[in-house]
Structure formats: structure tokens, C-alpha cells
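data23.cif (mmCIF, C-alpha atoms and all ligand atoms) appears below.
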data_protein
#
loop_
_atom_site.label_atom_id
_atom_site.label_comp_id
_atom_site.auth_asym_id
_atom_site.auth_seq_id
_atom_site.Cartn_x
_atom_site.Cartn_y
_atom_site.Cartn_z
CA MET N 10 56.05 349.10 116.68
CA LYS N 11 56.70 348.14 113.07
CA LYS N 12 54.06 345.60 111.96
CA ASN N 13 56.67 343.03 110.97
CA ASN N 14 58.20 343.09 114.44
CA LEU N 15 55.02 341.60 115.86
CA THR N 16 55.18 338.12 117.25
CA LEU N 17 52.28 335.73 116.75
CA GLY N 18 51.35 336.09 120.43
CA GLU N 19 51.25 339.88 120.18
CA PHE N 20 49.31 339.69 116.93
CA ILE N 21 46.63 337.51 118.53
CA ILE N 22 46.27 339.91 121.47
CA GLU N 23 46.08 342.94 119.13
CA ASN N 24 43.38 341.24 117.07
CA GLN N 25 41.46 339.79 120.00
CA LYS N 26 38.33 341.71 119.01
CA HIS N 27 37.96 339.58 115.86
CA TYR N 28 37.69 336.38 117.83
CA LYS N 29 34.49 337.34 119.63
CA SER N 30 36.04 335.67 122.66
CA THR N 31 36.88 337.67 125.71
CA SER N 32 37.78 334.68 127.85
CA GLY N 33 41.23 334.33 126.29
CA GLU N 34 40.38 330.73 125.39
CA PHE N 35 41.15 331.26 121.70
CA SER N 36 44.53 332.92 122.42
CA ARG N 37 45.49 330.06 124.72
CA LEU N 38 44.46 327.56 122.08
CA ILE N 39 46.67 329.20 119.44
CA SER N 40 49.51 329.31 122.02
CA SER N 41 49.20 325.56 122.51
CA ILE N 42 49.30 324.94 118.74
CA LYS N 43 52.32 327.24 118.48
CA LEU N 44 54.12 325.34 121.22
CA ALA N 45 53.38 321.94 119.67
CA ALA N 46 54.54 323.24 116.27
CA LYS N 47 57.88 324.29 117.77
CA ILE N 48 58.39 320.87 119.35
CA VAL N 49 57.55 319.08 116.08
CA ASN N 50 59.75 321.51 114.15
CA TYR N 51 62.69 320.62 116.39
CA LYS N 52 62.17 316.93 115.72
CA VAL N 53 61.58 317.36 111.97
CA ASN N 54 64.85 319.29 111.67
CA LYS N 55 66.70 316.46 113.38
CA ALA N 56 64.97 313.76 111.33
CA GLY N 57 68.09 312.93 109.35
CA LEU N 58 70.23 312.66 112.47
CA VAL N 59 68.41 310.32 114.72
CA ASP N 60 66.99 306.89 114.29
CA ILE N 61 63.45 308.09 113.78
CA LEU N 62 63.03 307.53 110.07
CA GLY N 63 61.02 304.74 108.56
CA ASP N 64 57.73 303.10 109.33
CA ALA N 65 56.54 302.72 112.87
CA GLY N 66 54.97 299.45 111.90
CA ASP N 67 51.41 300.62 112.56
CA THR N 68 48.74 301.22 109.98
CA ASN N 69 46.29 304.10 110.37
CA ILE N 70 42.54 303.87 109.76
CA GLN N 71 43.05 304.72 106.07
CA GLY N 72 45.17 301.56 105.68
CA GLU N 73 48.37 303.56 105.18
CA ASP N 74 51.69 302.99 106.89
CA GLN N 75 52.43 305.51 109.57
CA GLN N 76 55.96 306.73 109.85
CA LYS N 77 57.55 307.48 113.18
CA LEU N 78 57.38 311.22 112.79
CA ASP N 79 53.63 311.03 112.03
CA VAL N 80 53.12 309.20 115.30
CA TYR N 81 55.36 311.63 117.13
CA ALA N 82 53.68 314.75 115.70
CA ASN N 83 50.25 313.32 116.51
CA ASP N 84 51.29 312.61 120.11
CA VAL N 85 52.79 316.07 120.54
CA PHE N 86 49.73 317.95 119.25
CA MET N 87 47.28 315.69 121.12
CA GLN N 88 49.20 315.84 124.42
CA THR N 89 49.84 319.59 124.24
CA LEU N 90 46.14 320.29 123.73
CA ILE N 91 44.99 317.66 126.24
CA ASN N 92 47.41 318.80 128.97
CA ARG N 93 46.30 322.41 128.66
CA GLU N 94 42.67 321.36 128.82
CA ILE N 95 41.89 324.10 126.36
CA VAL N 96 39.57 322.28 123.95
CA CYS N 97 36.64 319.94 124.48
CA GLY N 98 37.58 317.52 121.70
CA ILE N 99 40.17 316.64 119.06
CA ALA N 100 39.89 314.67 115.84
CA SER N 101 43.08 313.70 114.06
CA GLU N 102 43.84 312.08 110.74
CA GLU N 103 45.97 309.62 112.68
CA GLU N 104 43.25 308.58 115.17
CA ASP N 105 40.37 306.24 114.41
CA ASP N 106 37.85 308.29 116.39
CA TYR N 107 37.61 311.70 118.02
CA VAL N 108 38.89 312.23 121.56
CA THR N 109 36.77 313.85 124.28
CA ILE N 110 38.47 316.21 126.74
CA LYS N 111 36.46 316.90 129.84
CA GLY N 112 38.55 319.84 131.03
CA LYS N 113 39.94 321.03 134.37
CA HIS N 114 36.98 320.22 136.56
CA GLU N 115 35.69 317.34 134.42
CA THR N 116 32.75 319.57 133.52
CA ASN N 117 33.19 319.77 129.73
CA GLU N 118 33.23 323.56 129.94
CA ASN N 119 35.53 324.26 126.95
CA LYS N 120 33.94 325.37 123.71
CA TYR N 121 36.40 324.67 120.89
CA VAL N 122 37.10 321.48 118.95
CA VAL N 123 40.29 321.01 116.91
CA LEU N 124 40.66 318.83 113.83
CA MET N 125 44.12 318.23 112.45
CA ASP N 126 46.50 316.45 110.18
CA PRO N 127 49.56 316.46 112.45
CA LEU N 128 52.11 315.68 109.74
CA ASP N 129 50.93 315.97 106.17
CA GLY N 130 53.06 314.82 103.26
CA SER N 131 54.96 312.42 105.49
CA SER N 132 56.18 310.32 102.55
CA ASN N 133 58.55 313.26 101.97
CA ILE N 134 60.36 312.96 105.29
CA ASP N 135 62.86 310.35 104.16
CA VAL N 136 64.02 312.59 101.31
CA ASN N 137 64.37 315.84 103.28
CA VAL N 138 61.45 317.62 101.60
CA SER N 139 59.07 319.96 103.41
CA VAL N 140 56.14 318.57 105.38
CA GLY N 141 53.42 320.38 107.28
CA THR N 142 50.78 320.39 110.00
CA ILE N 143 47.21 321.42 109.16
CA PHE N 144 44.63 322.45 111.77
CA SER N 145 41.03 323.55 111.88
CA ILE N 146 39.07 325.06 114.80
CA TYR N 147 35.29 325.11 115.36
CA LYS N 148 32.99 326.07 118.20
CA ARG N 149 31.08 323.03 119.41
CA VAL N 150 27.40 322.92 118.49
CA THR N 151 26.33 320.77 121.45
CA PRO N 152 25.93 322.63 124.77
CA THR N 153 28.93 323.11 127.06
CA GLY N 154 28.62 321.01 130.18
CA THR N 155 28.07 317.84 128.13
CA PRO N 156 30.73 315.66 126.48
CA VAL N 157 31.38 316.49 122.80
CA ASP N 158 29.53 314.54 120.16
CA LYS N 159 30.43 313.50 116.61
CA ILE N 160 28.19 316.30 115.29
CA ASP N 161 30.59 318.84 116.81
CA PHE N 162 33.20 317.56 114.34
CA LEU N 163 30.92 317.02 111.34
CA GLN N 164 30.24 320.73 110.78
CA ARG N 165 30.45 322.33 107.37
CA GLY N 166 33.79 324.05 106.68
CA ASN N 167 32.01 327.39 106.48
CA GLN N 168 31.55 327.17 110.27
CA GLN N 169 35.31 327.22 110.98
CA VAL N 170 36.44 329.80 113.51
CA ALA N 171 40.07 329.54 112.47
CA ALA N 172 42.38 327.38 110.41
CA GLY N 173 46.03 327.26 109.60
CA TYR N 174 49.10 325.28 108.72
CA VAL N 175 52.70 325.02 109.72
CA VAL N 176 55.18 324.43 106.93
CA TYR N 177 58.45 322.90 108.10
CA GLY N 178 60.41 324.24 105.15
CA THR N 179 63.62 326.14 104.45
CA SER N 180 62.24 328.25 107.24
CA THR N 181 59.33 327.21 109.41
CA MET N 182 56.16 329.23 109.03
CA LEU N 183 52.78 329.24 110.70
CA VAL N 184 50.04 330.58 108.41
CA LEU N 185 46.75 331.45 110.08
CA THR N 186 43.28 332.75 109.36
CA SER N 187 40.55 333.51 111.83
CA GLY N 188 38.18 334.79 109.18
CA SER N 189 39.66 338.21 108.51
CA GLY N 190 42.48 337.55 106.06
CA VAL N 191 45.53 335.32 106.16
CA ASN N 192 48.78 336.12 107.94
CA GLY N 193 52.08 334.26 107.86
CA PHE N 194 54.54 334.08 110.76
CA THR N 195 58.12 332.87 110.38
CA LEU N 196 59.91 331.09 113.21
CA ASN N 197 63.15 332.64 114.36
CA PRO N 198 64.79 329.41 115.54
CA ALA N 199 67.39 331.23 117.64
CA ILE N 200 64.70 332.83 119.80
CA GLY N 201 61.87 330.37 119.32
CA SER N 202 59.33 333.04 118.37
CA PHE N 203 57.10 333.31 115.32
CA TYR N 204 57.26 336.79 113.75
CA LEU N 205 54.69 338.31 111.41
CA SER N 206 56.62 338.10 108.13
CA HIS N 207 53.80 337.78 105.56
CA PRO N 208 50.91 340.09 106.52
CA ASN N 209 47.68 339.83 104.54
CA MET N 210 48.66 337.00 102.18
CA LYS N 211 46.71 336.81 98.91
CA PHE N 212 46.58 334.40 95.98
CA PRO N 213 47.16 336.31 92.74
CA GLU N 214 43.80 336.34 90.88
CA ASN N 215 45.40 334.26 88.12
CA GLY N 216 48.54 332.14 88.00
CA THR N 217 50.73 330.02 85.79
CA ILE N 218 51.51 327.02 88.01
CA TYR N 219 49.54 323.78 88.14
CA SER N 220 50.27 321.13 90.77
CA ILE N 221 49.02 317.60 90.23
CA ASN N 222 50.37 314.05 90.35
CA GLU N 223 50.26 313.71 86.57
CA GLY N 224 51.48 310.11 86.73
CA ASN N 225 47.87 309.19 87.45
CA TYR N 226 46.68 310.88 84.21
CA VAL N 227 45.02 307.79 82.73
CA HIS N 228 42.88 307.43 85.85
CA PHE N 229 41.61 311.04 85.91
CA PRO N 230 38.08 312.20 85.01
CA GLN N 231 37.74 313.64 81.49
CA GLY N 232 37.23 317.22 82.77
CA VAL N 233 40.63 317.15 84.49
CA LYS N 234 42.31 315.59 81.43
CA ASP N 235 40.89 318.36 79.25
CA TYR N 236 42.03 321.04 81.73
CA LEU N 237 45.56 319.59 81.72
CA LYS N 238 45.63 319.78 77.92
CA TYR N 239 44.49 323.41 78.24
CA CYS N 240 47.36 324.12 80.70
CA GLN N 241 49.84 322.67 78.21
CA GLU N 242 48.52 324.47 75.11
CA GLU N 243 50.69 327.15 73.49
CA LYS N 244 48.31 330.11 73.72
CA GLU N 245 48.14 333.45 75.62
CA ASN N 246 50.26 332.94 78.78
CA ARG N 247 50.33 329.16 78.36
CA PRO N 248 51.80 326.57 78.56
CA TYR N 249 51.79 326.85 82.36
CA THR N 250 54.51 325.56 84.63
CA SER N 251 54.06 322.21 86.35
CA ARG N 252 55.23 322.05 90.00
CA TYR N 253 54.32 319.20 92.34
CA ILE N 254 56.06 318.59 95.65
CA GLY N 255 53.56 315.96 96.84
CA SER N 256 53.16 317.83 100.11
CA LEU N 257 49.86 319.71 100.12
CA VAL N 258 51.00 322.39 102.55
CA SER N 259 54.11 323.21 100.52
CA ASP N 260 52.32 323.11 97.15
CA PHE N 261 49.55 325.35 98.52
CA HIS N 262 52.05 327.75 100.11
CA ARG N 263 54.00 328.20 96.88
CA ASN N 264 50.85 328.63 94.81
CA MET N 265 49.47 331.23 97.22
CA ILE N 266 52.64 333.28 96.89
CA LYS N 267 53.21 332.82 93.15
CA GLY N 268 49.73 332.09 91.76
CA GLY N 269 48.67 328.57 90.88
CA ILE N 270 46.25 325.70 91.29
CA TYR N 271 46.54 322.48 93.32
CA ILE N 272 44.58 319.54 91.94
CA TYR N 273 43.83 316.17 93.59
CA PRO N 274 40.96 314.71 91.57
CA THR N 275 39.04 311.48 91.84
CA SER N 276 40.67 308.66 89.95
CA THR N 277 39.95 305.03 89.29
CA LYS N 278 42.49 304.34 92.10
CA ASN N 279 40.90 306.83 94.54
CA PRO N 280 37.24 307.08 93.43
CA LYS N 281 36.44 309.66 96.12
CA GLY N 282 39.76 311.50 95.88
CA LYS N 283 42.60 311.06 98.35
CA LEU N 284 42.53 314.09 100.63
CA ARG N 285 40.39 314.24 103.75
CA LEU N 286 37.62 316.82 103.90
CA LEU N 287 37.91 317.54 107.63
CA TYR N 288 41.65 317.48 108.22
CA GLU N 289 43.04 318.79 104.94
CA CYS N 290 40.51 320.26 102.51
CA ASN N 291 38.32 322.38 104.82
CA PRO N 292 41.17 324.20 106.57
CA MET N 293 43.03 324.79 103.28
CA ALA N 294 39.78 325.93 101.61
CA PHE N 295 39.11 328.41 104.42
CA LEU N 296 42.67 329.78 104.09
CA ALA N 297 42.31 329.92 100.29
CA GLU N 298 39.07 331.90 100.39
CA GLN N 299 40.44 334.23 103.04
CA ALA N 300 43.41 334.83 100.72
CA ASN N 301 41.26 335.69 97.69
CA GLY N 302 41.50 332.15 96.30
CA LYS N 303 38.92 329.46 95.66
CA ALA N 304 38.44 325.80 96.63
CA SER N 305 36.04 323.35 95.06
CA ASP N 306 35.46 319.64 94.54
CA GLY N 307 35.06 320.42 90.84
CA TYR N 308 31.38 321.30 91.15
CA VAL N 309 30.66 322.49 94.69
CA ARG N 310 32.38 324.89 97.11
CA ILE N 311 34.39 322.74 99.57
CA LEU N 312 33.24 324.81 102.57
CA ASP N 313 29.57 324.06 101.79
CA ILE N 314 29.90 320.26 101.78
CA LYS N 315 28.06 318.59 104.67
CA PRO N 316 30.46 316.04 106.16
CA THR N 317 29.02 312.63 106.91
CA GLU N 318 32.07 310.89 108.38
CA LEU N 319 35.28 311.89 110.14
CA HIS N 320 37.66 310.42 107.58
CA GLN N 321 35.67 311.40 104.48
CA ARG N 322 37.65 312.04 101.31
CA VAL N 323 36.86 314.52 98.55
CA PRO N 324 38.41 315.65 95.28
CA PHE N 325 40.22 318.96 95.84
CA PHE N 326 40.85 321.82 93.42
CA CYS N 327 42.27 324.85 95.16
CA GLY N 328 44.16 328.00 94.32
CA SER N 329 43.98 331.20 92.27
CA LYS N 330 40.34 332.06 91.62
CA SER N 331 40.45 332.28 87.81
CA MET N 332 42.28 328.96 87.53
CA VAL N 333 39.81 327.08 89.75
CA LYS N 334 36.89 328.65 87.86
CA LYS N 335 38.41 327.54 84.54
CA LEU N 336 38.82 323.99 85.82
CA GLU N 337 35.18 324.00 86.99
CA GLU N 338 34.15 324.99 83.44
CA PHE N 339 35.89 321.89 82.10
CA MET N 340 34.33 319.71 84.82
CA ALA N 341 30.84 321.09 84.07
CA LYS N 342 31.02 319.53 80.60
CA TYR N 343 30.95 316.08 82.27
CA PRO N 344 28.36 316.41 85.08
P1 LIG I 1 49.18 312.14 103.74
O1 LIG I 1 48.23 312.86 104.68
O2 LIG I 1 49.13 310.66 103.89
O3 LIG I 1 50.56 312.70 103.84
O4 LIG I 1 48.62 312.38 102.26
C1 LIG I 1 48.37 313.67 101.80
C2 LIG I 1 49.38 314.05 100.78
C3 LIG I 1 49.36 315.48 100.38
O5 LIG I 1 50.17 316.29 101.18
C4 LIG I 1 49.93 315.40 98.99
O6 LIG I 1 49.59 316.50 98.21
C5 LIG I 1 49.35 314.13 98.46
O7 LIG I 1 49.09 313.32 99.60
C6 LIG I 1 50.28 313.41 97.58
O8 LIG I 1 49.68 312.24 97.12
P2 LIG I 1 50.26 311.45 95.86
O9 LIG I 1 51.53 310.84 96.32
O10 LIG I 1 49.20 310.46 95.54
O11 LIG I 1 50.47 312.44 94.75
MG MG I 2 47.54 314.38 105.21
#
Can I see the file as C-alpha cells?
Ligand code: AHM
Ligand code: MG
Amino acid sequence: MKKNNLTLGEFIIENQKHYKSTSGEFSRLISSIKLAAKIVNYKVNKAGLVDILGDAGDTNIQGEDQQKLDVYANDVFMQTLINREIVCGIASEEEDDYVTIKGKHETNENKYVVLMDPLDGSSNIDVNVSVGTIFSIYKRVTPTGTPVDKIDFLQRGNQQVAAGYVVYGTSTMLVLTSGSGVNGFTLNPAIGSFYLSHPNMKFPENGTIYSINEGNYVHFPQGVKDYLKYCQEEKENRPYTSRYIGSLVSDFHRNMIKGGIYIYPTSTKNPKGKLRLLYECNPMAFLAEQANGKASDGYVRILDIKPTELHQRVPFFCGSKSMVKKLEEFMAKYP
């Protein structure tokens, strides 16, 4: 069979040996995520048609307005995973606390926890711009047979078993790593199957795109300001191109294909950064490193940060290795 005829399901079975799981639990977990992604995709595609746009009226724990599709995507992913009793716990950007799932016989026998941002970049929904789902999978550290604990979720990113995202874009793709490279699968909407379309995805070592909300320039740390000036200088292959969708998944996806850096620094407005370590930065950092890229908070490797709280925020610099290294050089001048 030609490699690019493989469906995601077939790919997981073929690569089963990498998952060090013979129970099939991991494959069933990815199947559940795949199913939820297809349901959300269906709804996202219809977003302009039905009365689902606008705020739901609730505010999440971060104090931000939730839009209806955020709530919907959160419900779909939570319910799909809960109903299949395939994980022992879920933490979501849209939930105040983690959820414990006892499993089929109420014996807490499942070993994986999932952390997710069910619909990232949701401020883009109203204007028909791509949004995404981000997920991260760990093995619990507490023993099976007991309910999950917060420490199962507060693991360093370098302990991730798998991570991925779904980009609901011009076509819908699921991009996945389980620690041996990154593979992209495109949804054929007529059939409802994800096909391996982008095997072994890699960030180019260097790139010419920088992605940052430059409107916040005055609030940025000096190292970032200096790096931006460097990007705009007329020298060698510079000035670089500025591209910012405001949807992390889409900005990351483009930069991985074309070569670039995504930057969300601290600012006087967001002194700890805006993005969440557990739901956004760790999974994207794992994907980046598996695709020959790099992810840092400006000083430290994202995957080495010890999380202290579920909704922790960090500054996030992620993309082509040489570009992230260069930005770290500028940051190092202002320790
Ligand atoms: P969200 O989880 O509330 O959607 O926020 C995360 C998003 C990222 O996708 C995006 O890169 C960033 O926030 C955009 O923020 P800003 O509008 O401040 O540039
Ligand atoms: Mg988000």
C-alpha cells in the first residue's frame, strides 16, 4: 500500500510498537480524539450558517468570554472521552479543575490522562478564520486503581506520551506525534477519514517568517524588541516576512511547513505571557521538537518547566531552531 493511502487508524496500528502499549488503549484513545475532531469539524464548518456564533454568556476561569463553539467543542471532547471510559482524567482549558474518570468498573484502571484546549483561537470564529484543537497525553504517575490526582496533570512536558492538534482550515488536518516524528493527516470530508498526507513533517532549520502580535510592541521585554528590529533589518536574508493569524495552531502549522518563529512574550499587559503551559505550550513544544524545531520561554526549554498549576501561563517562543536560538541570544542580554 502506498504510504499516503494510509488512514490515521491504519497508521496507528502499523506503528503500535512505538507506543509500548499492547492493550490497544492508546489506539482507542486516538480513535476517540479523531471522532470528537470530526464532530467539531462538522460544527465549525457550519458556524456561519446556524445561530451558534457569539458569546455563550459564560466566563472561563481565565476571566475570558467563552463563545458558543468553545463550549460545544469542550463538551464534545469531554463527552467522547468520558463515554468511552478510555482515560482516567481530563484537564481542559475551559474547565476550572480536572475531571476524574473512574472507568468501566469504577476501578480507575485506565492509565492515560488528556489535557486539551478544545478550541484555540476562538476569537477568529466570527470572521471565518481557522481555529484548532490542541491535545496532550501523559501516563498517570499515581498508581492505577486509585482516582487520579493533580500531580498526574502537573508533569513536565518532557513526559508526554503523545501530543497533537487539529487545524480546522481550508482542509481539516490532524497532526500527531507520539515521540517518533510528526505526521499530518488530512480529513477527506466525503468519506470522513483522515489520510496520511504529510509524513515526517519537519521545520526548516531556518526560516523567514515571524509571527507576533506586534501591536503590543511597547509592552514587550527589551530582548524581544531588539529581536524584532533584527527581523526588520535589511541584511543577509532579512527583512523577514511578518505573518500573524492570531490562531496558534494555524500560525504554528504554517511556520512548520514554511520555516518561521511564533512569539508570545510576556508584556506589561500579560506579565506571565498569555498562553497556557499545559494546554497549549507543552503539546506544541513536543510537536516542534519532534519536527526538528525548538520551543523555549526565552531562557529555558518549555518541556523542562515544572508546572505548578493547571492554568499556568508562560511566554512562548517556538519554531525553526536557528530562529528560536537567535531570539534566545537577544533575551540573554537582559537576564
Ligand atoms: P485562546 O485559547 O483564548 O483562543 O487564546 C490563545 C490564542 C492563540 O491561538 C493566539 O495565538 C493568541 O491567543 C492570540 O492572542 P492575541 O490576540 O493577544 O494576539
Ligand atoms: Mg487556547
Proximity of region 105-203 of chain N to region 281-294 of chain N: per-residue shortest pair, 8 Å limit, only C-alpha atoms, as JSON lines:
{"residue": "N:Leu124", "atom": "CA", "partner": "N:Tyr288", "partner_atom": "CA", "distance": 5.9}
{"residue": "N:Met125", "atom": "CA", "partner": "N:Tyr288", "partner_atom": "CA", "distance": 5.0}
{"residue": "N:Asp126", "atom": "CA", "partner": "N:Tyr288", "partner_atom": "CA", "distance": 5.3}
{"residue": "N:Ile143", "atom": "CA", "partner": "N:Glu289", "partner_atom": "CA", "distance": 6.5}
{"residue": "N:Phe144", "atom": "CA", "partner": "N:Pro292", "partner_atom": "CA", "distance": 6.5}
{"residue": "N:Ser145", "atom": "CA", "partner": "N:Pro292", "partner_atom": "CA", "distance": 5.4}
{"residue": "N:Leu163", "atom": "CA", "partner": "N:Leu287", "partner_atom": "CA", "distance": 7.9}
{"residue": "N:Gly166", "atom": "CA", "partner": "N:Asn291", "partner_atom": "CA", "distance": 5.2}
{"residue": "N:Gln169", "atom": "CA", "partner": "N:Pro292", "partner_atom": "CA", "distance": 7.9}
{"residue": "N:Ala172", "atom": "CA", "partner": "N:Pro292", "partner_atom": "CA", "distance": 5.1}
{"residue": "N:Gly173", "atom": "CA", "partner": "N:Pro292", "partner_atom": "CA", "distance": 6.5}
How big is the axis-aligned box around all listed atoms of ligand LIG 1 (chain I) once 5 Å goes on each side, and where's its centre, in Å to one decimal, as AutoDock Vina command-line options?
--center_x 49.9 --center_y 313.5 --center_z 99.7 --size_x 13.3 --size_y 16.0 --size_z 19.9
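Nearest-residue note for Ala300 (chain N): choosing from N:Ser189, N:Ser251, N:Gln321, N:Asn50, the minimum distance belongs to N:Ser189, counting all atoms listed in the file.
Proximity ranking of N:Met340, N:Ile314, N:Ala297, N:Cys240 relative to Pro274 (chain N) places N:Met340 first, based on only C-alpha atoms.
Separating CA of Arg149 (chain N) from CA of Glu94 (chain N) is a distance of 15.0 Å.
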Select from chain N every residue with an atom at most 9 Å from any atom of ligand LIG 1 (chain I), then for each give the shortest pair of atoms and their distance in Å to one decimal, using all atoms listed in the file, rows by chain and rising number, as a tab-separated table.
residue	atom	partner	partner_atom	distance
N:Gln71	CA	I:LIG1	O2	8.8
N:Glu73	CA	I:LIG1	O2	7.3
N:Asp74	CA	I:LIG1	O2	8.6
N:Gln75	CA	I:LIG1	O2	8.3
N:Asp79	CA	I:LIG1	O3	8.9
N:Glu102	CA	I:LIG1	O1	7.5
N:Glu103	CA	I:LIG1	O1	8.9
N:Asp126	CA	I:LIG1	O1	6.8
N:Pro127	CA	I:LIG1	O1	8.7
N:Leu128	CA	I:LIG1	O3	6.8
N:Asp129	CA	I:LIG1	O3	4.0
N:Gly130	CA	I:LIG1	O3	3.3
N:Ser131	CA	I:LIG1	O3	4.7
N:Ser132	CA	I:LIG1	O3	6.2
N:Asn133	CA	I:LIG1	O3	8.2
N:Val140	CA	I:LIG1	O5	7.6
N:Gly141	CA	I:LIG1	O5	8.0
N:Ser220	CA	I:LIG1	O6	8.8
N:Ile221	CA	I:LIG1	O11	7.0
N:Asn222	CA	I:LIG1	O11	4.7
N:Glu223	CA	I:LIG1	O11	8.3
N:Gly224	CA	I:LIG1	O11	8.4
N:Asn225	CA	I:LIG1	O10	8.3
N:Tyr253	CA	I:LIG1	O6	8.0
N:Ile254	CA	I:LIG1	O6	7.3
N:Gly255	CA	I:LIG1	C6	4.2
N:Ser256	CA	I:LIG1	O5	3.5
N:Leu257	CA	I:LIG1	O5	3.6
N:Val258	CA	I:LIG1	O5	6.3
N:Ser259	CA	I:LIG1	O5	8.0
N:Asp260	CA	I:LIG1	O6	7.2
N:Phe261	CA	I:LIG1	O6	8.9
N:Tyr271	CA	I:LIG1	O6	8.3
N:Ile272	CA	I:LIG1	O6	8.6
N:Tyr273	CA	I:LIG1	O6	7.4
N:Lys283	CA	I:LIG1	O7	7.0
N:Leu284	CA	I:LIG1	C1	6.0
N:Arg285	CA	I:LIG1	O1	8.0
N:Tyr288	CA	I:LIG1	O1	8.8
N:Glu289	CA	I:LIG1	O1	7.9
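Compared by their closest atoms to ligand MG 2 (chain I), and using only C-alpha atoms and all ligand atoms, the residues N:Arg322, N:Lys111, N:Ile266, N:Phe203 rank with N:Arg322 nearest.
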Using only C-alpha atoms, can you tell me which of N:Glu104, N:Asp306, N:Glu337, N:Glu318 comes closest to Lys159 (chain N)?
N:Glu318
Add whatever atoms are absent from region 83-108 of chain N to reach N, CA and C atoms, and provide the output as a PDB file, in the frame of the given file.
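To be explicit, this is the file written out as part_15.pdb:
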ATOM      1  N   ASN N  83      51.608 313.513 115.994  1.00  0.00           N
ATOM      2  CA  ASN N  83      50.250 313.320 116.510  1.00  0.00           C
ATOM      3  C   ASN N  83      50.256 313.352 118.034  1.00  0.00           C
ATOM      4  N   ASP N  84      51.201 312.631 118.630  1.00  0.00           N
ATOM      5  CA  ASP N  84      51.290 312.610 120.110  1.00  0.00           C
ATOM      6  C   ASP N  84      51.528 313.999 120.666  1.00  0.00           C
ATOM      7  N   VAL N  85      52.440 314.741 120.027  1.00  0.00           N
ATOM      8  CA  VAL N  85      52.790 316.070 120.540  1.00  0.00           C
ATOM      9  C   VAL N  85      51.576 316.997 120.500  1.00  0.00           C
ATOM     10  N   PHE N  86      50.893 317.053 119.357  1.00  0.00           N
ATOM     11  CA  PHE N  86      49.730 317.950 119.250  1.00  0.00           C
ATOM     12  C   PHE N  86      48.614 317.503 120.200  1.00  0.00           C
ATOM     13  N   MET N  87      48.356 316.189 120.244  1.00  0.00           N
ATOM     14  CA  MET N  87      47.280 315.690 121.120  1.00  0.00           C
ATOM     15  C   MET N  87      47.624 316.020 122.579  1.00  0.00           C
ATOM     16  N   GLN N  88      48.839 315.667 123.003  1.00  0.00           N
ATOM     17  CA  GLN N  88      49.200 315.840 124.420  1.00  0.00           C
ATOM     18  C   GLN N  88      49.239 317.305 124.819  1.00  0.00           C
ATOM     19  N   THR N  89      49.755 318.160 123.907  1.00  0.00           N
ATOM     20  CA  THR N  89      49.840 319.590 124.240  1.00  0.00           C
ATOM     21  C   THR N  89      48.436 320.147 124.450  1.00  0.00           C
ATOM     22  N   LEU N  90      47.513 319.781 123.593  1.00  0.00           N
ATOM     23  CA  LEU N  90      46.140 320.290 123.730  1.00  0.00           C
ATOM     24  C   LEU N  90      45.424 319.647 124.914  1.00  0.00           C
ATOM     25  N   ILE N  91      45.661 318.355 125.122  1.00  0.00           N
ATOM     26  CA  ILE N  91      44.990 317.660 126.240  1.00  0.00           C
ATOM     27  C   ILE N  91      45.506 318.207 127.577  1.00  0.00           C
ATOM     28  N   ASN N  92      46.836 318.342 127.686  1.00  0.00           N
ATOM     29  CA  ASN N  92      47.410 318.800 128.970  1.00  0.00           C
ATOM     30  C   ASN N  92      46.940 320.186 129.347  1.00  0.00           C
ATOM     31  N   ARG N  93      46.732 321.040 128.347  1.00  0.00           N
ATOM     32  CA  ARG N  93      46.300 322.410 128.660  1.00  0.00           C
ATOM     33  C   ARG N  93      44.795 322.516 128.847  1.00  0.00           C
ATOM     34  N   GLU N  94      44.123 321.432 128.618  1.00  0.00           N
ATOM     35  CA  GLU N  94      42.670 321.360 128.820  1.00  0.00           C
ATOM     36  C   GLU N  94      41.957 322.565 128.238  1.00  0.00           C
ATOM     37  N   ILE N  95      42.316 322.852 126.987  1.00  0.00           N
ATOM     38  CA  ILE N  95      41.890 324.100 126.360  1.00  0.00           C
ATOM     39  C   ILE N  95      40.788 323.871 125.324  1.00  0.00           C
ATOM     40  N   VAL N  96      40.622 322.600 124.921  1.00  0.00           N
ATOM     41  CA  VAL N  96      39.570 322.280 123.950  1.00  0.00           C
ATOM     42  C   VAL N  96      38.696 321.164 124.525  1.00  0.00           C
ATOM     43  N   CYS N  97      37.512 320.995 123.945  1.00  0.00           N
ATOM     44  CA  CYS N  97      36.640 319.940 124.480  1.00  0.00           C
ATOM     45  C   CYS N  97      36.754 318.652 123.665  1.00  0.00           C
ATOM     46  N   GLY N  98      37.429 318.737 122.492  1.00  0.00           N
ATOM     47  CA  GLY N  98      37.580 317.520 121.700  1.00  0.00           C
ATOM     48  C   GLY N  98      38.583 317.708 120.576  1.00  0.00           C
ATOM     49  N   ILE N  99      39.206 316.604 120.172  1.00  0.00           N
ATOM     50  CA  ILE N  99      40.170 316.640 119.060  1.00  0.00           C
ATOM     51  C   ILE N  99      39.875 315.477 118.130  1.00  0.00           C
ATOM     52  N   ALA N 100      39.935 315.755 116.819  1.00  0.00           N
ATOM     53  CA  ALA N 100      39.890 314.670 115.840  1.00  0.00           C
ATOM     54  C   ALA N 100      41.157 314.795 115.003  1.00  0.00           C
ATOM     55  N   SER N 101      41.809 313.678 114.781  1.00  0.00           N
ATOM     56  CA  SER N 101      43.080 313.700 114.060  1.00  0.00           C
ATOM     57  C   SER N 101      43.057 312.676 112.941  1.00  0.00           C
ATOM     58  N   GLU N 102      43.732 313.025 111.846  1.00  0.00           N
ATOM     59  CA  GLU N 102      43.840 312.080 110.740  1.00  0.00           C
ATOM     60  C   GLU N 102      44.459 310.759 111.189  1.00  0.00           C
ATOM     61  N   GLU N 103      45.267 310.820 112.221  1.00  0.00           N
ATOM     62  CA  GLU N 103      45.970 309.620 112.680  1.00  0.00           C
ATOM     63  C   GLU N 103      45.201 308.827 113.740  1.00  0.00           C
ATOM     64  N   GLU N 104      44.037 309.293 114.141  1.00  0.00           N
ATOM     65  CA  GLU N 104      43.250 308.580 115.170  1.00  0.00           C
ATOM     66  C   GLU N 104      41.986 308.022 114.521  1.00  0.00           C
ATOM     67  N   ASP N 105      41.572 306.844 114.977  1.00  0.00           N
ATOM     68  CA  ASP N 105      40.370 306.240 114.410  1.00  0.00           C
ATOM     69  C   ASP N 105      39.125 307.062 114.738  1.00  0.00           C
ATOM     70  N   ASP N 106      39.059 307.570 115.960  1.00  0.00           N
ATOM     71  CA  ASP N 106      37.850 308.290 116.390  1.00  0.00           C
ATOM     72  C   ASP N 106      38.257 309.589 117.076  1.00  0.00           C
ATOM     73  N   TYR N 107      37.284 310.453 117.314  1.00  0.00           N
ATOM     74  CA  TYR N 107      37.610 311.700 118.020  1.00  0.00           C
ATOM     75  C   TYR N 107      37.855 311.422 119.501  1.00  0.00           C
ATOM     76  N   VAL N 108      38.562 312.365 120.143  1.00  0.00           N
ATOM     77  CA  VAL N 108      38.890 312.230 121.560  1.00  0.00           C
ATOM     78  C   VAL N 108      38.126 313.296 122.334  1.00  0.00           C
TER      79      VAL N 108
END
